[in-house]
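Q: Handing you a structure now.
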Amino acid sequence: MLPSESEHPYLPPELEREIFEAAAAQYPNTIPALFLVSHRVYDWVGKIKYRTIFPRRETDSSPKFDPTCSPMELLEAIDSKQKHASFFSSRVKHLFLQNLNHANLVAILSECNKIDSLVLLNPLTSPGQFFSLEELWVIHPIKLGLRFNEVTKAMDLEIIPQPIHPVLTSVTHLDLYDDRHRNDLADQLALLPTLTHLSIWTGSRSSAEMSAILVKCRSLQALVDMHGGFIDENETHPTFHENERSACTDDLRFVSVSLDEDMHLADWIIGTQGGIDFWAQADRFIAKRRRGEIQPSLFISCDICLVSSMSAYRLADT
């Protein structure tokens, strides 16, 4: 005898939706299977599929770092013209774009204009051409990663009639990948009205210049001296001598972090999922310094490789 309908477990639709959306968000690799459950689950989970867009990498073995939708797959969905006008703008919240040509960047940014975090790496177009895009002007991410010199080159061309680029006006967390920064970097950063967290890859600025940033950017809560793979080792960079460190390291907001280039994308993904990325780790480390739980002379954070040439402190163990 078949069980009666009353014998089947029943959940309110709101709770059922929350369960499926949580499963899709925490285990993105299950989304294709979840699509097959029912029409209503397909609609719920479909919103999760496009939430975080990043490149597919053959070297990543963990399902956690396997995208539910890559930039090229997003382009295909956009080109299909099968979604309504606001479909992608209401769903895409995190974008990691690397090595895309001008046309593809325009296509994505014109549809995905309400994003919270954006990484722009090596756009295959000139800085003046790219950062003058009107599609980029209307995007106001909270977290942004890019090469700052490419923005300032566009500003120098006087294409943008305002002191800062519109894409920077709402940024709180700024991750800069430049090999070498301009001399007026501190002055440029001081113009950003909402900036609280800044990461600069080591060697791109000297100790004195880093100190100037801490002085001029009064709202800055964390300055991360990042060690990793974006710096060209063949370039000549400013040195950061031990006897010059005190100007920065005496400031409790200064943290030194080591994050391998191969881990940068993984760390970014962790952050978009609400996990502990290097920004969160830096905040925790600084908070411990302020509470006196870490010696003020220590300025190194760790885990996803937070390392120091002087000493290290494992936040994960505390």
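Following the order of the structure tokens, first chain is A, next is B, and so on, with residues numbered from 1 inside each chain and ligands from 1 in the order they appear.
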Fewer than 3 positions away in the same chain doesn't count, so skip those; otherwise give me all residues within 10 Å of Ala107 of chain A, counting only C-alpha atoms, as a compact mmCIF listing (two decimals) with N, CA and C atoms, in the first residue's frame.
A:
# COMPACT_ATOMS: atom_id res chain seq x y z
N LEU A 74 29.21 32.69 -18.64
CA LEU A 74 28.34 33.85 -18.44
C LEU A 74 28.13 34.58 -19.75
N LEU A 75 29.18 34.75 -20.53
CA LEU A 75 29.07 35.40 -21.83
C LEU A 75 28.11 34.65 -22.75
N ILE A 78 24.63 35.40 -21.64
CA ILE A 78 24.25 36.76 -22.02
C ILE A 78 23.94 36.82 -23.52
N ASP A 79 24.81 36.20 -24.32
CA ASP A 79 24.64 36.23 -25.78
C ASP A 79 23.39 35.48 -26.24
N HIS A 102 38.23 43.53 -24.96
CA HIS A 102 37.37 44.70 -24.77
C HIS A 102 35.89 44.35 -24.96
N ALA A 103 35.57 43.65 -26.02
CA ALA A 103 34.17 43.34 -26.31
C ALA A 103 33.54 42.49 -25.22
N ASN A 104 34.28 41.50 -24.73
CA ASN A 104 33.74 40.63 -23.68
C ASN A 104 33.56 41.37 -22.36
N SER A 110 28.07 45.50 -18.86
CA SER A 110 26.81 46.15 -19.19
C SER A 110 25.62 45.41 -18.59
N GLU A 111 25.77 44.11 -18.37
CA GLU A 111 24.68 43.30 -17.80
C GLU A 111 24.81 43.14 -16.28
N CYS A 112 26.04 43.12 -15.80
CA CYS A 112 26.28 42.85 -14.36
C CYS A 112 26.76 44.13 -13.70
N GLU A 135 30.14 51.68 -19.10
CA GLU A 135 29.65 50.50 -18.37
C GLU A 135 30.36 50.35 -17.04
Q: Taking only segment 39-266 of chain A into account, list the residues labelled strand (DSSP E or B) by DSSP (computed from the backbone), as number ranges by chain.
A: A: 52-53, 94-98, 101, 117-121, 124, 143-146, 173-176, 197-201, 222-227, 254-258
Q: To one decimal place in Å, what is the distance between atom CA of Arg291 of chain A and atom CA of Thr249 of chain A?
A: 16.4 Å
Q: Please give the complete set of residues from segment 44-273 of chain A that DSSP, run on the backbone, assigns to alpha helix (DSSP H), formatted as a VMD selection string.
A: chain A and resid 44 to 49 71 to 79 87 to 91 102 to 111 127 to 131 134 to 137 148 to 156 185 to 190 207 to 216 246 to 249 261 to 272
Q: Might you pull out every residue within 9 Å of Pro193 of chain A, with only C-alpha atoms counted and same-chain residues fewer than 3 positions away left off, and present them as a VMD selection string?
A: chain A and resid 168 to 172 189 to 190 219
Q: So how far away is atom CA of Ser258 of chain A from atom CA of Thr202 of chain A, in Å?
A: 9.5 Å
Q: Could you state the separation of atom CA of Asp262 of chain A and atom CA of Leu109 of chain A in Å, given to one decimal place?
A: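 Going from atom CA of Asp262 of chain A over to atom CA of Leu109 of chain A, I get 25.2 Å.
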Q: Could you check the closest approach to Thr52 of chain A for each of A:Ser117, A:Gln281, A:Thr194, A:Gln82 and tell me which residue wins, using only C-alpha atoms?
A: A:Ser117
Q: Please list as number ranges by chain every residue within 12 Å of Lys216 of chain A, counting only C-alpha atoms and excluding residues in the same chain fewer than 6 positions away.
A: A: 184-192, 195, 209-210
Q: Which polymer residues have any atom within 8 Å of an atom of Pro166 of chain A, counting only C-alpha atoms, with same-chain residues fewer than 4 positions away left out, as a PDB file with C-alpha atoms, in the first residue's frame?
A:
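Ended up saving to part.pdb:
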ATOM      1  CA  LEU A 136      32.378  50.677 -15.729  1.00  0.00           C
ATOM      2  CA  TRP A 137      31.326  54.093 -14.448  1.00  0.00           C
ATOM      3  CA  VAL A 138      27.988  52.824 -13.118  1.00  0.00           C
ATOM      4  CA  ILE A 139      29.526  49.941 -11.167  1.00  0.00           C
ATOM      5  CA  HIS A 140      30.201  50.634  -7.490  1.00  0.00           C
TER       6      HIS A 140
END
Q: Set the distance at 10 Å and use only C-alpha atoms: which residues neighbour Ile294 of chain A once local chain neighbours fewer than 6 positions away are removed? I'd like the list as a PyMOL selection string.
A: chain A and resi 285-288+313
Q: Generate the output file for the selected residues, all heavy atoms, as a short mmCIF file (atom, residue, chain, number, x, y, z; two decimals), in the first residue's frame.
A:
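And here's again29.cif as it stands now:
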data_model
loop_
_atom_site.label_atom_id
_atom_site.label_comp_id
_atom_site.auth_asym_id
_atom_site.auth_seq_id
_atom_site.Cartn_x
_atom_site.Cartn_y
_atom_site.Cartn_z
N PHE A 285 43.82 39.88 13.28
CA PHE A 285 45.18 40.06 13.78
C PHE A 285 45.34 41.45 14.41
O PHE A 285 45.90 41.60 15.50
CB PHE A 285 46.17 39.88 12.63
CG PHE A 285 47.61 39.88 13.05
CD1 PHE A 285 48.21 38.72 13.53
CD2 PHE A 285 48.38 41.03 12.97
CE1 PHE A 285 49.54 38.71 13.91
CE2 PHE A 285 49.71 41.04 13.35
CZ PHE A 285 50.30 39.87 13.83
N ILE A 286 44.83 42.47 13.71
CA ILE A 286 44.92 43.84 14.22
C ILE A 286 44.14 43.97 15.53
O ILE A 286 44.59 44.64 16.47
CB ILE A 286 44.40 44.83 13.16
CG1 ILE A 286 45.38 44.88 11.98
CG2 ILE A 286 44.21 46.22 13.75
CD1 ILE A 286 44.85 45.62 10.77
N ALA A 287 42.97 43.33 15.60
CA ALA A 287 42.16 43.40 16.82
C ALA A 287 42.92 42.79 18.00
O ALA A 287 42.88 43.31 19.12
CB ALA A 287 40.83 42.68 16.61
N LYS A 288 43.64 41.70 17.75
CA LYS A 288 44.42 41.07 18.81
C LYS A 288 45.58 41.97 19.26
O LYS A 288 45.91 42.02 20.45
CB LYS A 288 44.95 39.70 18.33
CG LYS A 288 43.87 38.62 18.25
CD LYS A 288 44.45 37.33 17.71
CE LYS A 288 43.37 36.25 17.62
NZ LYS A 288 42.94 35.80 18.96
N TYR A 313 52.57 34.42 13.58
CA TYR A 313 51.58 34.17 14.60
C TYR A 313 50.39 33.50 13.93
O TYR A 313 49.78 34.07 13.03
CB TYR A 313 51.14 35.49 15.23
CG TYR A 313 50.16 35.33 16.36
CD1 TYR A 313 50.60 35.11 17.66
CD2 TYR A 313 48.80 35.40 16.12
CE1 TYR A 313 49.71 34.97 18.70
CE2 TYR A 313 47.91 35.27 17.16
CZ TYR A 313 48.34 35.06 18.44
OH TYR A 313 47.45 34.91 19.47
#
Q: Write out as number ranges by chain the residues lying within 10 Å of segment 29-33 of chain A, counting only C-alpha atoms and excluding same-chain residues fewer than 3 positions away.
A: A: 20-21, 23-26, 36-37, 42, 45-46, 48-49, 62-68
Q: Go through segment 57-122 of chain A residue by residue and, counting only C-alpha atoms, keep those with an atom at most 10 Å from segment 145-153 of chain A; for each kept residue give the shortest atom pair and its distance in Å to one decimal, ordered by chain and increasing number, as JSON lines.
A:
{"residue": "A:Phe96", "atom": "CA", "partner": "A:Gly145", "partner_atom": "CA", "distance": 8.9}
{"residue": "A:Ser117", "atom": "CA", "partner": "A:Gly145", "partner_atom": "CA", "distance": 8.4}
{"residue": "A:Leu118", "atom": "CA", "partner": "A:Gly145", "partner_atom": "CA", "distance": 6.4}
{"residue": "A:Val119", "atom": "CA", "partner": "A:Gly145", "partner_atom": "CA", "distance": 4.5}
{"residue": "A:Leu120", "atom": "CA", "partner": "A:Leu146", "partner_atom": "CA", "distance": 5.1}
{"residue": "A:Leu121", "atom": "CA", "partner": "A:Leu146", "partner_atom": "CA", "distance": 6.1}
{"residue": "A:Asn122", "atom": "CA", "partner": "A:Arg147", "partner_atom": "CA", "distance": 8.3}
